[in-house]
$ cat target_29.txt   # compact mmCIF, C-alpha atoms
# COMPACT_ATOMS: atom_id res chain seq x y z
CA MET A 1 44.51 -73.95 -41.77
CA PRO A 2 42.10 -73.03 -44.58
CA GLU A 3 41.76 -75.37 -47.53
CA HIS A 4 43.82 -74.43 -50.56
CA VAL A 5 42.33 -73.77 -54.00
CA ARG A 6 44.64 -73.63 -57.02
CA ILE A 7 44.02 -70.97 -59.66
CA HIS A 8 45.10 -71.71 -63.23
CA GLU A 9 45.50 -68.38 -65.02
CA VAL A 10 44.47 -68.65 -68.68
CA GLY A 11 44.21 -64.99 -69.66
CA PRO A 12 47.42 -64.77 -71.72
CA ARG A 13 46.24 -67.65 -73.90
CA ASP A 14 42.53 -68.43 -73.68
CA GLY A 15 41.87 -64.76 -73.04
CA LEU A 16 44.03 -62.99 -75.59
CA GLN A 17 43.34 -65.50 -78.37
CA ASN A 18 39.87 -64.03 -78.71
CA GLU A 19 40.85 -60.36 -78.64
CA PRO A 20 40.91 -58.68 -82.08
CA GLY A 21 44.34 -58.09 -83.59
CA VAL A 22 47.70 -59.48 -82.60
CA ILE A 23 48.98 -58.31 -79.22
CA ALA A 24 52.64 -57.28 -79.25
CA VAL A 25 55.09 -59.79 -77.77
CA ALA A 26 56.41 -57.21 -75.32
CA ASP A 27 52.91 -56.54 -73.99
CA LYS A 28 52.18 -60.25 -73.53
CA VAL A 29 55.50 -60.78 -71.80
CA ALA A 30 54.91 -57.83 -69.47
CA LEU A 31 51.50 -59.22 -68.47
CA ILE A 32 52.82 -62.73 -67.87
CA ASP A 33 55.82 -61.50 -65.90
CA LEU A 34 53.50 -59.42 -63.69
CA LEU A 35 51.17 -62.39 -63.18
CA SER A 36 54.15 -64.55 -62.21
CA GLN A 37 54.82 -62.17 -59.31
CA SER A 38 51.33 -62.62 -57.86
CA GLY A 39 51.74 -66.04 -56.27
CA LEU A 40 50.01 -67.86 -59.13
CA ARG A 41 51.59 -71.25 -59.75
CA ASP A 42 50.02 -72.03 -63.13
CA ILE A 43 49.95 -69.58 -66.06
CA GLU A 44 48.97 -70.52 -69.59
CA VAL A 45 51.02 -68.31 -71.88
CA GLY A 46 50.43 -69.31 -75.50
CA SER A 47 49.36 -71.81 -78.09
CA PHE A 48 51.17 -73.68 -80.85
CA VAL A 49 48.21 -73.74 -83.21
CA SER A 50 48.21 -72.77 -86.87
CA PRO A 51 48.50 -68.96 -87.18
CA LYS A 52 46.08 -69.27 -90.09
CA TRP A 53 43.30 -70.15 -87.64
CA VAL A 54 44.39 -68.26 -84.50
CA PRO A 55 46.70 -65.42 -85.59
CA GLN A 56 46.69 -63.95 -82.07
CA MET A 57 48.87 -66.86 -80.93
CA ALA A 58 51.37 -66.73 -83.82
CA ASN A 59 54.08 -65.25 -81.60
CA SER A 60 53.90 -67.81 -78.78
CA ASP A 61 57.48 -68.96 -79.43
CA GLN A 62 58.70 -65.38 -79.03
CA VAL A 63 56.66 -65.02 -75.84
CA LEU A 64 58.37 -68.07 -74.34
CA THR A 65 61.76 -66.66 -75.32
CA GLY A 66 61.00 -63.29 -73.74
CA LEU A 67 59.64 -64.43 -70.37
CA THR A 68 61.55 -64.04 -67.13
CA PRO A 69 60.88 -67.38 -65.42
CA ARG A 70 59.96 -67.29 -61.75
CA ALA A 71 60.74 -70.18 -59.41
CA GLY A 72 57.69 -72.23 -58.51
CA VAL A 73 55.63 -71.11 -61.51
CA ARG A 74 54.54 -73.63 -64.12
CA TYR A 75 54.01 -72.11 -67.55
CA ALA A 76 51.81 -73.89 -70.10
CA VAL A 77 51.02 -73.81 -73.81
CA LEU A 78 48.25 -75.39 -75.84
CA VAL A 79 49.47 -78.08 -78.26
CA PRO A 80 46.73 -79.46 -80.55
CA ASN A 81 48.72 -81.86 -82.74
CA MET A 82 52.19 -83.14 -83.60
CA ARG A 83 53.03 -80.06 -85.65
CA GLY A 84 52.27 -77.99 -82.57
CA TRP A 85 54.40 -80.35 -80.48
CA GLU A 86 57.34 -79.79 -82.81
CA GLY A 87 56.87 -76.03 -82.51
CA PHE A 88 56.77 -76.34 -78.74
CA LEU A 89 59.95 -78.42 -78.67
CA ALA A 90 61.77 -75.81 -80.76
CA ALA A 91 60.75 -73.05 -78.34
CA ARG A 92 61.03 -74.99 -75.07
CA ARG A 93 63.45 -73.55 -72.51
CA ALA A 94 65.58 -75.53 -70.10
CA ASP A 95 65.37 -72.85 -67.41
CA MET A 96 61.60 -72.93 -66.91
CA THR A 97 58.91 -75.55 -66.29
CA THR A 98 56.58 -75.61 -69.27
CA ASP A 99 53.59 -77.95 -69.45
CA ILE A 100 51.33 -78.59 -72.43
CA ALA A 101 47.57 -78.65 -72.69
CA VAL A 102 45.48 -80.71 -75.11
CA PHE A 103 41.77 -80.43 -75.76
CA ILE A 104 38.70 -82.23 -77.02
CA SER A 105 34.99 -81.50 -76.94
CA ALA A 106 32.14 -83.21 -75.16
CA SER A 107 29.88 -82.42 -78.12
CA GLU A 108 30.20 -83.65 -81.68
CA GLY A 109 28.99 -80.37 -83.16
CA PHE A 110 31.73 -78.34 -81.51
CA SER A 111 34.35 -80.95 -82.38
CA GLN A 112 33.40 -80.77 -86.04
CA SER A 113 33.36 -76.96 -86.02
CA ASN A 114 36.59 -76.50 -84.08
CA LEU A 115 38.66 -79.51 -85.19
CA ASN A 116 36.91 -80.73 -88.35
CA CYS A 117 36.67 -84.24 -86.95
CA SER A 118 34.70 -86.38 -84.54
CA ILE A 119 35.47 -86.61 -80.84
CA ALA A 120 36.97 -90.08 -81.32
CA GLU A 121 39.15 -88.83 -84.18
CA SER A 122 40.34 -85.87 -82.09
CA VAL A 123 41.44 -88.24 -79.33
CA ALA A 124 43.31 -90.39 -81.85
CA ARG A 125 45.16 -87.29 -83.10
CA LEU A 126 46.25 -86.47 -79.57
CA ARG A 127 47.61 -89.92 -78.77
CA PRO A 128 51.08 -89.33 -80.31
CA VAL A 129 51.25 -85.86 -78.73
CA VAL A 130 50.58 -87.22 -75.25
CA GLN A 131 53.02 -90.09 -75.79
CA ALA A 132 55.73 -87.68 -76.98
CA ALA A 133 55.14 -85.48 -73.94
CA GLU A 134 55.36 -88.42 -71.57
CA ASP A 135 58.58 -89.56 -73.25
CA ALA A 136 60.02 -86.05 -72.85
CA GLY A 137 58.94 -85.71 -69.21
CA VAL A 138 56.45 -82.93 -70.00
CA THR A 139 53.27 -82.72 -67.91
CA VAL A 140 50.02 -82.82 -69.90
CA ARG A 141 46.77 -81.16 -68.90
CA GLY A 142 43.48 -81.84 -70.68
CA TYR A 143 40.56 -79.62 -71.57
CA VAL A 144 37.05 -80.76 -72.36
CA SER A 145 34.92 -78.07 -74.01
CA CYS A 146 31.13 -77.71 -73.95
CA VAL A 147 30.56 -79.83 -70.84
CA THR A 148 27.11 -78.34 -70.24
CA ASP A 149 26.12 -76.70 -73.54
CA CYS A 150 27.24 -76.58 -77.16
CA PRO A 151 26.57 -73.63 -79.49
CA PHE A 152 25.66 -76.14 -82.23
CA ASP A 153 24.12 -79.15 -80.46
CA GLY A 154 22.42 -77.49 -77.50
CA PRO A 155 22.61 -78.97 -73.97
CA THR A 156 25.31 -81.58 -73.37
CA ALA A 157 24.27 -84.71 -71.50
CA PRO A 158 26.29 -85.31 -68.31
CA ASP A 159 27.31 -88.78 -69.47
CA ALA A 160 28.74 -87.26 -72.67
CA ALA A 161 31.01 -85.04 -70.58
CA ALA A 162 32.02 -88.05 -68.51
CA ARG A 163 32.84 -90.08 -71.63
CA ALA A 164 35.04 -87.27 -72.96
CA VAL A 165 36.96 -87.04 -69.68
CA GLU A 166 37.40 -90.81 -69.66
CA MET A 167 38.73 -90.77 -73.24
CA LEU A 168 41.32 -88.13 -72.40
CA ARG A 169 42.42 -89.87 -69.24
CA ASP A 170 42.77 -93.14 -71.13
CA LEU A 171 45.65 -91.42 -72.94
CA ALA A 172 47.38 -90.50 -69.66
CA PRO A 173 46.31 -89.85 -66.04
CA MET A 174 46.10 -86.08 -66.60
CA GLN A 175 44.21 -83.34 -64.82
CA VAL A 176 41.16 -82.37 -66.88
CA SER A 177 39.63 -78.90 -66.97
CA LEU A 178 35.87 -78.93 -67.56
CA GLY A 179 34.79 -76.04 -69.78
CA ASP A 180 31.38 -74.40 -69.73
CA THR A 181 32.51 -72.85 -73.01
CA ILE A 182 29.51 -70.62 -73.74
CA GLY A 183 28.62 -69.92 -70.14
CA LYS A 184 25.08 -71.27 -70.15
CA GLY A 185 25.60 -73.69 -67.28
CA THR A 186 23.65 -73.32 -64.04
CA PRO A 187 24.73 -74.61 -60.61
CA GLU A 188 22.18 -77.43 -60.87
CA ARG A 189 23.34 -78.54 -64.31
CA VAL A 190 27.02 -78.13 -63.42
CA ALA A 191 26.44 -80.33 -60.36
CA ALA A 192 24.72 -82.98 -62.48
CA MET A 193 27.61 -82.95 -64.95
CA LEU A 194 30.19 -83.18 -62.17
CA LYS A 195 28.43 -86.10 -60.50
CA ALA A 196 28.70 -88.01 -63.78
CA VAL A 197 32.34 -87.03 -64.28
CA LEU A 198 33.25 -87.97 -60.71
CA ASP A 199 32.32 -91.54 -61.58
CA VAL A 200 35.32 -91.66 -63.95
CA ALA A 201 37.83 -89.25 -62.35
CA PRO A 202 38.55 -88.06 -58.80
CA ALA A 203 37.86 -84.46 -57.83
CA ALA A 204 41.59 -83.91 -57.23
CA ASP A 205 42.19 -84.47 -60.96
CA LEU A 206 39.52 -82.04 -62.14
CA ALA A 207 39.29 -78.28 -62.59
CA GLY A 208 36.40 -75.99 -63.42
CA HIS A 209 36.54 -73.58 -66.37
CA PHE A 210 33.58 -71.19 -66.45
CA HIS A 211 32.57 -68.34 -68.72
CA ASP A 212 30.33 -65.64 -67.32
CA THR A 213 27.76 -65.27 -70.11
CA GLY A 214 24.78 -65.53 -67.79
CA GLY A 215 26.46 -64.12 -64.69
CA LEU A 216 26.53 -67.56 -63.07
CA ALA A 217 30.24 -68.41 -63.24
CA LEU A 218 30.85 -67.72 -59.55
CA ALA A 219 27.75 -69.68 -58.55
CA ASN A 220 28.99 -72.56 -60.71
CA ILE A 221 32.35 -72.41 -58.94
CA GLY A 222 30.46 -72.60 -55.65
CA ALA A 223 28.61 -75.72 -56.82
CA SER A 224 31.92 -77.25 -57.91
CA LEU A 225 33.52 -76.51 -54.54
CA ASP A 226 30.61 -78.28 -52.85
CA LEU A 227 31.44 -81.41 -54.89
CA GLY A 228 35.13 -81.35 -54.00
CA LEU A 229 36.85 -79.46 -56.83
CA ARG A 230 39.80 -77.38 -55.64
CA ALA A 231 41.17 -76.06 -58.94
CA PHE A 232 39.69 -73.46 -61.28
CA ASP A 233 40.68 -71.66 -64.47
CA SER A 234 40.23 -67.91 -64.73
CA ALA A 235 41.41 -65.01 -66.86
CA VAL A 236 42.70 -61.79 -65.38
CA GLY A 237 40.45 -58.92 -66.31
CA GLY A 238 37.83 -61.37 -67.61
CA LEU A 239 39.66 -61.59 -70.93
CA GLY A 240 38.67 -63.82 -73.78
CA GLY A 241 36.06 -66.18 -74.99
CA CYS A 242 36.33 -68.72 -77.78
CA PRO A 243 36.75 -67.89 -81.48
CA TYR A 244 34.94 -71.13 -82.41
CA ALA A 245 32.03 -70.80 -80.00
CA PRO A 246 29.52 -68.10 -80.99
CA GLY A 247 28.22 -66.31 -77.94
CA ALA A 248 31.12 -67.13 -75.62
CA PRO A 249 32.27 -63.95 -73.85
CA GLY A 250 35.16 -63.69 -71.42
CA ASN A 251 36.30 -66.24 -68.92
CA VAL A 252 35.41 -65.59 -65.31
CA ALA A 253 37.77 -62.89 -64.01
CA THR A 254 40.62 -64.00 -61.76
CA GLU A 255 40.03 -61.06 -59.43
CA ALA A 256 36.38 -62.08 -58.98
CA VAL A 257 37.33 -65.69 -58.25
CA LEU A 258 39.88 -64.58 -55.66
CA ALA A 259 37.29 -62.39 -53.93
CA LEU A 260 34.80 -65.28 -53.85
CA LEU A 261 37.31 -67.74 -52.44
CA GLU A 262 38.41 -65.26 -49.78
CA ARG A 263 34.78 -64.74 -48.70
CA LEU A 264 34.33 -68.51 -48.48
CA GLY A 265 37.46 -68.93 -46.39
CA TYR A 266 39.73 -70.69 -48.89
CA ALA A 267 43.43 -69.94 -49.34
CA THR A 268 44.99 -69.37 -52.75
CA GLY A 269 48.42 -67.88 -52.05
CA VAL A 270 47.68 -65.24 -54.70
CA ASP A 271 48.17 -61.52 -54.05
CA ALA A 272 44.95 -59.75 -54.99
CA ASP A 273 46.71 -56.39 -55.30
CA VAL A 274 49.08 -57.70 -57.96
CA ILE A 275 46.18 -59.33 -59.77
CA ALA A 276 44.35 -55.99 -59.75
CA GLN A 277 47.38 -54.39 -61.45
CA ALA A 278 47.47 -57.19 -64.00
CA ALA A 279 43.72 -56.84 -64.62
CA ALA A 280 44.17 -53.15 -65.45
CA MET A 281 47.02 -54.06 -67.81
CA ALA A 282 44.96 -56.82 -69.46
CA LYS A 283 41.94 -54.60 -70.01
CA GLY A 284 44.22 -52.09 -71.70
CA MET A 285 45.11 -54.73 -74.29
CA ARG A 286 41.56 -54.94 -75.61
$ encode --input "target_29.txt" --output "structure tokens"
Amino acid sequence: MPEHVRIHEVGPRDGLQNEPGVIAVADKVALIDLLSQSGLRDIEVGSFVSPKWVPQMANSDQVLTGLTPRAGVRYAVLVPNMRGWEGFLAARRADMTTDIAVFISASEGFSQSNLNCSIAESVARLRPVVQAAEDAGVTVRGYVSCVTDCPFDGPTAPDAAARAVEMLRDLAPMQVSLGDTIGKGTPERVAAMLKAVLDVAPAADLAGHFHDTGGLALANIGASLDLGLRAFDSAVGGLGGCPYAPGAPGNVATEAVLALLERLGYATGVDADVIAQAAAMAKGMR
């Protein structure tokens, strides 16, 4: 049997949060419901951040309300602080599995720009969120941004990425997604970063999150596969970027990742035809 690779679809959140204007709830729900029919098992659907800073995510509670849950699919939302946790709790549904994601940066410059605090302070802010999630039986996933490059500080040292992963996992033994946020990573530099991170976390607890700025996202996925990673984030239609990272275009497209993994002989359980339909729908939201 071929090895399985798990795809974490981030288009409805990490993708749409960087598209201009606020996407209608009905359109978001239609996209997510279509994605949930594709065989994907992880779909990130919204974010409980301040609408002042990310207005595109202001309707995430309505999105959760409007979804038609599908058995076997884990839905996720980004929760940056305790206020976001309270918003999530108010919108949480008993009839669907909803995880939360938390994030920090591997670079101080991006942490200050995005969160207005140091990396250490950002971890301290997340501690009560992670504890509340554990107490409520909610699975937590972590993100580390700028693992190879920062738009403010330049290249990120591999040991800085490893320290950030270690700090998150000291809060709870969560899976951590490693973000090449502005897409400047190369296979060689991604491999060097991963070798440092693998000293503090097993490959089974890591995921790759690549943007395609330089056209190297698929090559970076290949380098990550060589080092044992079997989980990757992608955005249908190549949606998104990062509103706090100048120069960050869309995430690597889910349809492109599926094609790569099929060529390499990996199984995903995801229907490429349904993803193609969803990609057309997503591109129409731009």
$ closest_residue --input "target_29.txt" --among "A:Thr254, A:Gln62, A:Asn220, A:Gln175" --to "Ala207 (chain A)" --atoms "only C-alpha atoms"
A:Gln175
$ residues_around --input "target_29.txt" --residues "Leu78 (chain A)" --least-positions-apart "4" --cutoff "6 Å" --atoms "all atoms listed in the file" --output "list in words"
Ser47, Ile100 and Ala101 of chain A
$ write_last_selection --input "target_29.txt" --atoms "C-alpha atoms" --output "tab-separated table (two decimals), in the frame of the given file"
chain	number	residue	atom	x	y	z
A	47	SER	CA	49.36	-71.81	-78.09
A	100	ILE	CA	51.33	-78.59	-72.43
A	101	ALA	CA	47.57	-78.65	-72.69
$ closest_residue --input "target_29.txt" --among "A:Ala106, A:Val63, A:Ala136, A:Leu229" --to "Ala201 (chain A)" --atoms "only C-alpha atoms"
A:Leu229
$ closest_residue --input "target_29.txt" --among "A:Tyr75, A:Trp85, A:Trp53, A:Phe103" --to "His8 (chain A)" --atoms "only C-alpha atoms"
A:Tyr75
$ closest_residue --input "target_29.txt" --among "A:Val102, A:Leu115, A:Val45, A:Ala91" --to "Asp61 (chain A)" --atoms "all atoms listed in the file"
A:Ala91
$ atom_distance --input "target_29.txt" --atom1 "CA of Ala282 (chain A)" --atom2 "CA of Gly237 (chain A)"
5.9 Å
$ residues_around --input "target_29.txt" --residues "Gly179 (chain A)" --least-positions-apart "3" --cutoff "10 Å" --atoms "all atoms listed in the file" --output "mmCIF file with C-alpha atoms, in the frame of the given file"
data_model
loop_
_atom_site.group_PDB
_atom_site.id
_atom_site.type_symbol
_atom_site.label_atom_id
_atom_site.label_comp_id
_atom_site.auth_asym_id
_atom_site.auth_seq_id
_atom_site.Cartn_x
_atom_site.Cartn_y
_atom_site.Cartn_z
ATOM 1 C CA SER A 105 34.990 -81.500 -76.940
ATOM 2 C CA ALA A 106 32.140 -83.210 -75.160
ATOM 3 C CA TYR A 143 40.560 -79.620 -71.570
ATOM 4 C CA VAL A 144 37.050 -80.760 -72.360
ATOM 5 C CA SER A 145 34.920 -78.070 -74.010
ATOM 6 C CA CYS A 146 31.130 -77.710 -73.950
ATOM 7 C CA VAL A 147 30.560 -79.830 -70.840
ATOM 8 C CA THR A 148 27.110 -78.340 -70.240
ATOM 9 C CA ASP A 149 26.120 -76.700 -73.540
ATOM 10 C CA ALA A 161 31.010 -85.040 -70.580
ATOM 11 C CA VAL A 176 41.160 -82.370 -66.880
ATOM 12 C CA ILE A 182 29.510 -70.620 -73.740
ATOM 13 C CA GLY A 183 28.620 -69.920 -70.140
ATOM 14 C CA GLY A 185 25.600 -73.690 -67.280
ATOM 15 C CA ALA A 207 39.290 -78.280 -62.590
ATOM 16 C CA GLY A 208 36.400 -75.990 -63.420
ATOM 17 C CA HIS A 209 36.540 -73.580 -66.370
ATOM 18 C CA PHE A 210 33.580 -71.190 -66.450
ATOM 19 C CA HIS A 211 32.570 -68.340 -68.720
ATOM 20 C CA ASP A 233 40.680 -71.660 -64.470
ATOM 21 C CA ASN A 251 36.300 -66.240 -68.920
#
$ decode --input "target_29.txt" --residues "region 130-160 of chain A" --atoms "N, CA and C atoms" --output "compact mmCIF listing (two decimals), in the first residue's frame"
# COMPACT_ATOMS: atom_id res chain seq x y z
N VAL A 130 -4.40 27.45 25.45
CA VAL A 130 -4.12 26.02 25.30
C VAL A 130 -4.64 25.24 26.50
N GLN A 131 -4.50 25.80 27.69
CA GLN A 131 -5.01 25.12 28.89
C GLN A 131 -6.53 25.01 28.83
N ALA A 132 -7.20 26.07 28.41
CA ALA A 132 -8.66 26.03 28.30
C ALA A 132 -9.10 24.99 27.27
N ALA A 133 -8.37 24.91 26.17
CA ALA A 133 -8.71 23.93 25.15
C ALA A 133 -8.54 22.51 25.67
N GLU A 134 -7.43 22.27 26.35
CA GLU A 134 -7.21 20.95 26.91
C GLU A 134 -8.30 20.60 27.91
N ASP A 135 -8.70 21.55 28.75
CA ASP A 135 -9.75 21.30 29.73
C ASP A 135 -11.08 20.99 29.05
N ALA A 136 -11.31 21.58 27.87
CA ALA A 136 -12.57 21.38 27.16
C ALA A 136 -12.51 20.21 26.18
N GLY A 137 -11.37 19.54 26.11
CA GLY A 137 -11.24 18.41 25.19
C GLY A 137 -11.12 18.81 23.73
N VAL A 138 -10.61 20.02 23.48
CA VAL A 138 -10.46 20.53 22.11
C VAL A 138 -9.01 20.35 21.67
N THR A 139 -8.81 19.76 20.51
CA THR A 139 -7.47 19.56 19.97
C THR A 139 -6.86 20.88 19.53
N VAL A 140 -5.58 21.07 19.83
CA VAL A 140 -4.87 22.30 19.47
C VAL A 140 -3.78 21.97 18.45
N ARG A 141 -3.71 22.81 17.43
CA ARG A 141 -2.65 22.71 16.44
C ARG A 141 -1.86 24.01 16.48
N GLY A 142 -0.55 23.94 16.31
CA GLY A 142 0.28 25.13 16.35
C GLY A 142 0.81 25.52 14.98
N TYR A 143 1.02 26.81 14.81
CA TYR A 143 1.68 27.34 13.62
C TYR A 143 2.90 28.12 14.06
N VAL A 144 3.99 27.93 13.34
CA VAL A 144 5.16 28.80 13.50
C VAL A 144 5.39 29.48 12.16
N SER A 145 5.34 30.81 12.16
CA SER A 145 5.54 31.59 10.94
C SER A 145 7.02 31.90 10.73
N CYS A 146 7.36 32.20 9.48
CA CYS A 146 8.70 32.71 9.13
C CYS A 146 9.82 31.74 9.52
N VAL A 147 9.63 30.46 9.22
CA VAL A 147 10.63 29.47 9.64
C VAL A 147 11.90 29.51 8.79
N THR A 148 11.83 30.13 7.61
CA THR A 148 13.06 30.26 6.81
C THR A 148 13.43 31.72 6.55
N ASP A 149 12.41 32.60 6.46
CA ASP A 149 12.68 34.00 6.16
C ASP A 149 11.61 34.88 6.80
N CYS A 150 12.02 36.08 7.18
CA CYS A 150 11.11 37.07 7.76
C CYS A 150 11.13 38.32 6.88
N PRO A 151 9.99 38.93 6.61
CA PRO A 151 9.99 40.15 5.79
C PRO A 151 10.67 41.33 6.47
N PHE A 152 10.92 41.23 7.78
CA PHE A 152 11.54 42.33 8.52
C PHE A 152 12.96 42.01 8.96
N ASP A 153 13.22 40.76 9.33
CA ASP A 153 14.53 40.39 9.87
C ASP A 153 15.43 39.67 8.88
N GLY A 154 14.90 39.30 7.73
CA GLY A 154 15.69 38.54 6.76
C GLY A 154 15.68 37.05 7.06
N PRO A 155 16.72 36.30 6.68
CA PRO A 155 16.73 34.85 6.88
C PRO A 155 16.60 34.47 8.35
N THR A 156 15.86 33.40 8.59
CA THR A 156 15.66 32.89 9.95
C THR A 156 16.62 31.73 10.18
N ALA A 157 17.36 31.77 11.25
CA ALA A 157 18.29 30.68 11.57
C ALA A 157 17.51 29.41 11.89
N PRO A 158 17.97 28.24 11.45
CA PRO A 158 17.27 27.00 11.76
C PRO A 158 17.03 26.78 13.24
N ASP A 159 18.00 27.17 14.09
CA ASP A 159 17.81 26.93 15.51
C ASP A 159 16.73 27.85 16.09
N ALA A 160 16.47 28.99 15.45
CA ALA A 160 15.39 29.86 15.89
C ALA A 160 14.03 29.20 15.61
